[in-house]
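**Student:** See data-v6.pdb below, with PDB, C-alpha atoms and all ligand atoms.
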MODEL        1
ATOM      1  CA  MET A   1       0.000   0.000   0.000
ATOM      2  CA  HIS A   2       1.333   3.394  -0.919
ATOM      3  CA  VAL A   3       1.274   6.002   1.860
ATOM      4  CA  HIS A   4       1.949   9.529   0.771
ATOM      5  CA  ARG A   5       5.141  11.030   2.192
ATOM      6  CA  PHE A   6       3.391  13.831   4.075
ATOM      7  CA  GLU A   7       0.786  11.458   5.390
ATOM      8  CA  ARG A   8       3.559   9.252   6.736
ATOM      9  CA  LEU A   9       5.164  12.314   8.318
ATOM     10  CA  TRP A  10       1.946  13.224  10.117
ATOM     11  CA  LEU A  11       1.477   9.635  11.261
ATOM     12  CA  VAL A  12       4.953   9.602  12.759
ATOM     13  CA  ALA A  13       4.467  13.053  14.346
ATOM     14  CA  ALA A  14       1.155  11.962  15.886
ATOM     15  CA  LEU A  15       2.750   8.801  17.270
ATOM     16  CA  VAL A  16       5.635  10.787  18.757
ATOM     17  CA  LEU A  17       3.148  13.137  20.450
ATOM     18  CA  ILE A  18       1.159  10.232  21.898
ATOM     19  CA  VAL A  19       4.360   8.706  23.292
ATOM     20  CA  LEU A  20       5.342  12.116  24.738
ATOM     21  CA  PHE A  21       1.945  12.600  26.378
ATOM     22  CA  ILE A  22       1.981   9.133  27.915
ATOM     23  CA  GLY A  23       5.528   9.884  29.041
ATOM     24  CA  THR A  24       4.573  13.115  30.843
ATOM     25  CA  VAL A  25       1.603  11.476  32.564
ATOM     26  CA  THR A  26       3.787   8.550  33.642
ATOM     27  CA  TYR A  27       6.497  10.907  34.865
ATOM     28  CA  GLY A  28       3.943  12.921  36.854
ATOM     29  CA  ALA A  29       2.540   9.800  38.506
ATOM     30  CA  VAL A  30       5.829   7.988  39.159
ATOM     31  CA  GLY A  31       8.706  10.470  38.996
ATOM     32  CA  ALA A  32       7.157  13.644  40.380
ATOM     33  CA  GLY A  33       4.840  11.763  42.714
ATOM     34  CA  TYR A  34       1.587  13.474  41.823
ATOM     35  CA  GLY A  35      -1.433  11.450  42.721
ATOM     36  CA  MET A  36      -5.112  11.461  43.383
ATOM     37  CA  VAL A  37      -6.446  11.548  46.912
ATOM     38  CA  ASP A  38      -6.802   7.955  48.001
ATOM     39  CA  ALA A  39      -7.621   6.051  51.159
ATOM     40  CA  THR A  40      -4.037   5.939  52.502
ATOM     41  CA  GLY A  41      -4.730   8.991  54.668
ATOM     42  CA  GLY A  42      -7.536   7.054  56.278
ATOM     43  CA  GLN A  43     -11.246   7.598  56.486
ATOM     44  CA  VAL A  44     -13.278   9.730  58.808
ATOM     45  CA  ASP A  45     -16.959  10.141  59.445
ATOM     46  CA  PRO A  46     -17.711  13.313  57.477
ATOM     47  CA  THR A  47     -20.454  14.333  59.885
ATOM     48  CA  ALA A  48     -18.077  14.108  62.858
ATOM     49  CA  PRO A  49     -14.548  14.295  61.473
ATOM     50  CA  THR A  50     -12.909  14.834  64.827
ATOM     51  CA  ALA A  51     -14.274  11.548  66.071
ATOM     52  CA  GLY A  52     -11.981   9.488  63.855
ATOM     53  CA  ASP A  53      -8.799   7.930  65.212
ATOM     54  CA  ASN A  54      -6.794   9.386  62.350
ATOM     55  CA  PHE A  55      -8.126  12.908  62.495
ATOM     56  CA  ARG A  56      -7.580  15.135  65.476
ATOM     57  CA  GLU A  57      -9.276  18.298  66.631
ATOM     58  CA  PRO A  58      -8.404  20.867  63.920
ATOM     59  CA  GLY A  59      -5.272  22.808  64.768
ATOM     60  CA  VAL A  60      -1.475  22.731  64.861
ATOM     61  CA  TYR A  61       0.306  19.939  66.727
ATOM     62  CA  ASP A  62       3.940  19.755  67.673
ATOM     63  CA  GLY A  63       5.235  16.538  66.114
ATOM     64  CA  SER A  64       7.110  13.766  67.849
ATOM     65  CA  GLU A  65      10.370  14.863  66.218
ATOM     66  CA  ARG A  66      12.056  18.236  66.481
ATOM     67  CA  GLY A  67      10.953  20.676  63.792
ATOM     68  CA  ARG A  68       8.041  18.502  62.743
ATOM     69  CA  TYR A  69       4.479  19.706  62.966
ATOM     70  CA  ASP A  70       1.099  18.318  62.068
ATOM     71  CA  VAL A  71      -1.736  20.572  61.023
ATOM     72  CA  TYR A  72      -5.274  19.192  60.973
ATOM     73  CA  VAL A  73      -7.546  21.217  58.739
ATOM     74  CA  GLU A  74     -11.264  20.943  58.209
ATOM     75  CA  ALA A  75     -12.565  22.399  54.963
ATOM     76  CA  LYS A  76     -16.215  23.338  54.834
ATOM     77  CA  GLN A  77     -18.507  25.774  53.075
ATOM     78  CA  PHE A  78     -16.808  28.275  52.917
ATOM     79  CA  LEU A  79     -13.858  28.254  55.234
ATOM     80  CA  PHE A  80     -10.808  26.433  56.479
ATOM     81  CA  VAL A  81     -10.601  25.553  60.179
ATOM     82  CA  PRO A  82      -8.025  26.708  61.105
ATOM     83  CA  GLY A  83      -6.929  29.163  58.427
ATOM     84  CA  THR A  84      -9.851  31.430  57.644
ATOM     85  CA  SER A  85     -10.937  33.133  60.864
ATOM     86  CA  GLU A  86      -7.373  33.003  62.184
ATOM     87  CA  PRO A  87      -4.203  32.142  60.292
ATOM     88  CA  ILE A  88      -2.478  28.812  60.711
ATOM     89  CA  ARG A  89       0.824  29.518  62.483
ATOM     90  CA  VAL A  90       3.917  27.346  62.184
ATOM     91  CA  PRO A  91       7.576  28.131  62.915
ATOM     92  CA  ASP A  92      10.176  28.416  60.172
ATOM     93  CA  ASP A  93      12.832  25.786  59.550
ATOM     94  CA  SER A  94      10.138  23.152  59.988
ATOM     95  CA  THR A  95       8.567  20.205  58.218
ATOM     96  CA  VAL A  96       4.804  20.428  58.265
ATOM     97  CA  THR A  97       2.340  17.688  57.423
ATOM     98  CA  PHE A  98      -1.166  18.832  56.606
ATOM     99  CA  HIS A  99      -4.058  16.457  57.217
ATOM    100  CA  VAL A 100      -7.056  17.777  55.355
ATOM    101  CA  THR A 101     -10.628  16.620  55.239
ATOM    102  CA  SER A 102     -14.008  18.085  54.380
ATOM    103  CA  THR A 103     -17.193  18.025  56.388
ATOM    104  CA  ASP A 104     -19.547  18.669  53.508
ATOM    105  CA  VAL A 105     -18.608  18.732  49.827
ATOM    106  CA  VAL A 106     -15.372  18.385  47.876
ATOM    107  CA  HIS A 107     -13.066  21.352  48.449
ATOM    108  CA  GLY A 108      -9.529  22.152  47.458
ATOM    109  CA  PHE A 109      -6.649  22.993  49.773
ATOM    110  CA  GLU A 110      -3.813  24.868  48.168
ATOM    111  CA  VAL A 111      -1.009  26.663  49.963
ATOM    112  CA  VAL A 112      -0.149  29.194  47.307
ATOM    113  CA  GLY A 113       3.499  29.174  46.328
ATOM    114  CA  THR A 114       4.230  25.694  47.712
ATOM    115  CA  ASN A 115       3.656  22.201  46.366
ATOM    116  CA  VAL A 116       0.700  21.737  48.707
ATOM    117  CA  ASN A 117      -2.338  21.387  46.523
ATOM    118  CA  THR A 118      -4.843  18.682  47.269
ATOM    119  CA  MET A 119      -8.517  17.891  47.209
ATOM    120  CA  ALA A 120     -10.403  17.755  50.489
ATOM    121  CA  VAL A 121     -12.824  14.877  50.105
ATOM    122  CA  PRO A 122     -15.581  14.173  52.645
ATOM    123  CA  GLY A 123     -14.783  10.998  54.533
ATOM    124  CA  GLN A 124     -11.141  10.918  53.514
ATOM    125  CA  VAL A 125      -7.993  12.490  54.861
ATOM    126  CA  ALA A 126      -5.450  13.918  52.453
ATOM    127  CA  THR A 127      -1.932  14.196  53.857
ATOM    128  CA  VAL A 128       0.694  16.476  52.326
ATOM    129  CA  THR A 129       4.105  17.362  53.719
ATOM    130  CA  VAL A 130       6.070  20.513  52.998
ATOM    131  CA  GLU A 131       9.178  22.214  54.382
ATOM    132  CA  PHE A 132       9.232  25.864  55.383
ATOM    133  CA  ASP A 133      12.750  27.266  55.600
ATOM    134  CA  GLU A 134      11.983  30.975  55.808
ATOM    135  CA  PRO A 135       9.329  33.030  57.569
ATOM    136  CA  GLY A 136       6.572  34.200  55.284
ATOM    137  CA  THR A 137       2.876  34.511  54.687
ATOM    138  CA  TYR A 138       1.028  32.201  52.353
ATOM    139  CA  GLY A 139      -2.492  32.280  51.068
ATOM    140  CA  LEU A 140      -4.781  29.272  51.332
ATOM    141  CA  VAL A 141      -7.292  28.810  48.572
ATOM    142  CA  CYS A 142     -10.016  26.391  47.689
ATOM    143  CA  ASN A 143      -9.654  25.401  44.080
ATOM    144  CA  GLU A 144     -12.560  23.010  43.704
ATOM    145  CA  TYR A 145     -15.912  24.583  42.975
ATOM    146  CA  CYS A 146     -17.857  23.985  46.178
ATOM    147  CA  GLY A 147     -20.864  26.261  46.002
ATOM    148  CA  SER A 148     -22.005  29.859  45.909
ATOM    149  CA  GLY A 149     -19.264  31.040  48.265
ATOM    150  CA  HIS A 150     -16.416  29.181  46.580
ATOM    151  CA  HIS A 151     -14.693  32.359  45.426
ATOM    152  CA  THR A 152     -14.610  33.638  49.012
ATOM    153  CA  MET A 153     -13.115  30.487  50.494
ATOM    154  CA  GLU A 154      -9.600  31.382  51.475
ATOM    155  CA  GLY A 155      -7.310  31.609  54.456
ATOM    156  CA  GLN A 156      -3.793  32.301  55.556
ATOM    157  CA  LEU A 157      -0.720  30.453  56.746
ATOM    158  CA  ARG A 158       1.972  32.343  58.651
ATOM    159  CA  VAL A 159       5.437  30.907  58.937
ATOM    160  CA  VAL A 160       6.968  32.806  61.843
ATOM    161  CA  PRO A 161      10.550  32.844  63.141
ATOM    162  CA  ALA A 162      11.050  29.862  65.447
ATOM    163  CA  GLU A 163      12.189  32.178  68.270
ATOM    164  CA  SER A 164       8.867  33.985  68.347
ATOM    165  CA  TYR A 165       6.784  30.883  67.856
ATOM    166  CA  ASN A 166       4.916  29.811  70.911
ATOM    167  CA  ALA A 167       3.887  26.221  70.357
ATOM    168  CA  SER A 168       1.430  26.373  73.210
ATOM    169  CA  GLY A 169      -0.153  29.522  71.826
ATOM    170  CA  VAL A 170      -3.451  29.685  70.094
ATOM    171  CA  ASN A 171      -3.216  28.622  66.499
TER
HETATM  172 CU1  LIG A 201     -14.401  25.243  48.946
HETATM  173 CU2  LIG A 201     -14.376  25.978  46.700
ENDMDL
END
Can the structure from this file be put into structure tokens for me?
Ligand code: CUA

**Tutor:**
Amino acid sequence: MHVHRFERLWLVAALVLIVLFIGTVTYGAVGAGYGMVDATGGQVDPTAPTAGDNFREPGVYDGSERGRYDVYVEAKQFLFVPGTSEPIRVPDDSTVTFHVTSTDVVHGFEVVGTNVNTMAVPGQVATVTVEFDEPGTYGLVCNEYCGSGHHTMEGQLRVVPAESYNASGVN
């Protein structure tokens, strides 16, 4: 069968693109570690998320190791607890693991300017870890459409100098 030269060229180009696309998706899933929210973070009762063994009262917890902190965040229409009415406070030079769940519908939890960007799914706990070397202020945004107040759903994270961080203070 005779295939025209240009037709063959386009066939090859299309095949190369398909291989490239599959390659980027594979790299994202395996190399860069992007993934969907799954059940590894555990499950909680969405009507009473603090009742689960794997989800604590929302807030900041000093971790078992030095410089490690755990932040439990509830996302709900249309706020983050903590984060919206008062900022989440963590010290600098720390490794922070966020545990995020939702009490109503699917929300997003993004710490703008970091690699923290996850879905908050009712009944499931998303866990994301990030390092904060320098003090700074970060915005929190919901990036899943969650209702009429979606565009207002935001909060703040303050990374403060370790010297002025009072772990027993109100977060
Ligand atoms: Cu919560 Cu959009």

**Student:** Step by step, work through what the PyMOL selection byres (((not hetatm)) within 10 of (chain A and resi 201)) selects in the shown file, and finish by giving those residues as a PyMOL selection string.

**Tutor:** chain A and resi 75-80+102+104-109+119-120+141-154

**Student:** Please determine, counting all atoms listed in the file, which residue among A:Pro161, A:Gly113, A:Val96, A:Asn54 has the shortest atom-to-atom distance to Arg66 in chain A.

**Tutor:** A:Val96

**Student:** Can you spell out as a list in words the set of residues that the PyMOL selection byres (((chain A and resi 159) around 8) and not hetatm) selects in the structure I just provided?

**Tutor:**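 So the PyMOL selection byres (((chain A and resi 159) around 8) and not hetatm), applied here, picks out Arg89, Val90, Pro91, Asp92, Phe132, Glu134, Pro135, Gly136, Thr137, Leu157, Arg158, Val160 and Pro161 of chain A.
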
**Student:** Just give me the gap between CA of Ala126 in chain A and CA of Gly23 in chain A in Å, one decimal is fine.

**Tutor:**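 Spanning CA of Ala126 in chain A to CA of Gly23 in chain A is a straight-line distance of 26.2 Å.
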
**Student:** Just how far from CA of Val81 in chain A is CA of Tyr61 in chain A, in Å to one decimal?

**Tutor:** 13.9 Å

**Student:** Compare A:Gly83, A:Pro58, A:Val112, A:Pro122 by their minimum atom-to-atom distance to His99 in chain A, counting only C-alpha atoms, and give me the closest one.

**Tutor:**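 Using only C-alpha atoms, the shortest distance to His99 in chain A belongs to A:Pro58.
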
**Student:** For a test of reading the model, state the distance in Å between CA of Ala32 in chain A and CA of Thr103 in chain A, rounded to one decimal.

**Tutor:**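 Calculated distance between CA of Ala32 in chain A and CA of Thr103 in chain A is 29.5 Å.
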
**Student:** Nearest to Val121 in chain A: which of A:Val19, A:Val100, A:Val12, A:Ile88 is it, counting only C-alpha atoms?

**Tutor:**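 Of A:Val19, A:Val100, A:Val12, A:Ile88, the one nearest Val121 in chain A, counting only C-alpha atoms, is A:Val100.
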
**Student:** Fix up range 9-22 of chain A with N, CA and C atoms, then write it as a short mmCIF file (atom, residue, chain, number, x, y, z; two decimals), in the frame of the given file.

**Tutor:**
data_model
loop_
_atom_site.label_atom_id
_atom_site.label_comp_id
_atom_site.auth_asym_id
_atom_site.auth_seq_id
_atom_site.Cartn_x
_atom_site.Cartn_y
_atom_site.Cartn_z
N LEU A 9 4.57 11.36 7.38
CA LEU A 9 5.16 12.31 8.32
C LEU A 9 4.21 12.64 9.47
N TRP A 10 2.94 12.90 9.09
CA TRP A 10 1.95 13.22 10.12
C TRP A 10 1.69 12.02 11.03
N LEU A 11 1.67 10.84 10.45
CA LEU A 11 1.48 9.64 11.26
C LEU A 11 2.58 9.52 12.31
N VAL A 12 3.81 9.71 11.85
CA VAL A 12 4.95 9.60 12.76
C VAL A 12 4.87 10.69 13.84
N ALA A 13 4.55 11.94 13.39
CA ALA A 13 4.47 13.05 14.35
C ALA A 13 3.39 12.78 15.39
N ALA A 14 2.24 12.25 14.95
CA ALA A 14 1.16 11.96 15.89
C ALA A 14 1.58 10.88 16.88
N LEU A 15 2.28 9.87 16.38
CA LEU A 15 2.75 8.80 17.27
C LEU A 15 3.74 9.33 18.31
N VAL A 16 4.65 10.20 17.84
CA VAL A 16 5.64 10.79 18.76
C VAL A 16 4.92 11.57 19.85
N LEU A 17 3.91 12.36 19.46
CA LEU A 17 3.15 13.14 20.45
C LEU A 17 2.47 12.23 21.47
N ILE A 18 1.85 11.15 20.99
CA ILE A 18 1.16 10.23 21.90
C ILE A 18 2.15 9.66 22.91
N VAL A 19 3.33 9.26 22.40
CA VAL A 19 4.36 8.71 23.29
C VAL A 19 4.79 9.77 24.31
N LEU A 20 4.95 11.01 23.84
CA LEU A 20 5.34 12.12 24.74
C LEU A 20 4.29 12.34 25.83
N PHE A 21 3.02 12.36 25.41
CA PHE A 21 1.94 12.60 26.38
C PHE A 21 1.90 11.49 27.43
N ILE A 22 1.98 10.25 26.97
CA ILE A 22 1.98 9.13 27.92
C ILE A 22 3.19 9.26 28.83
#
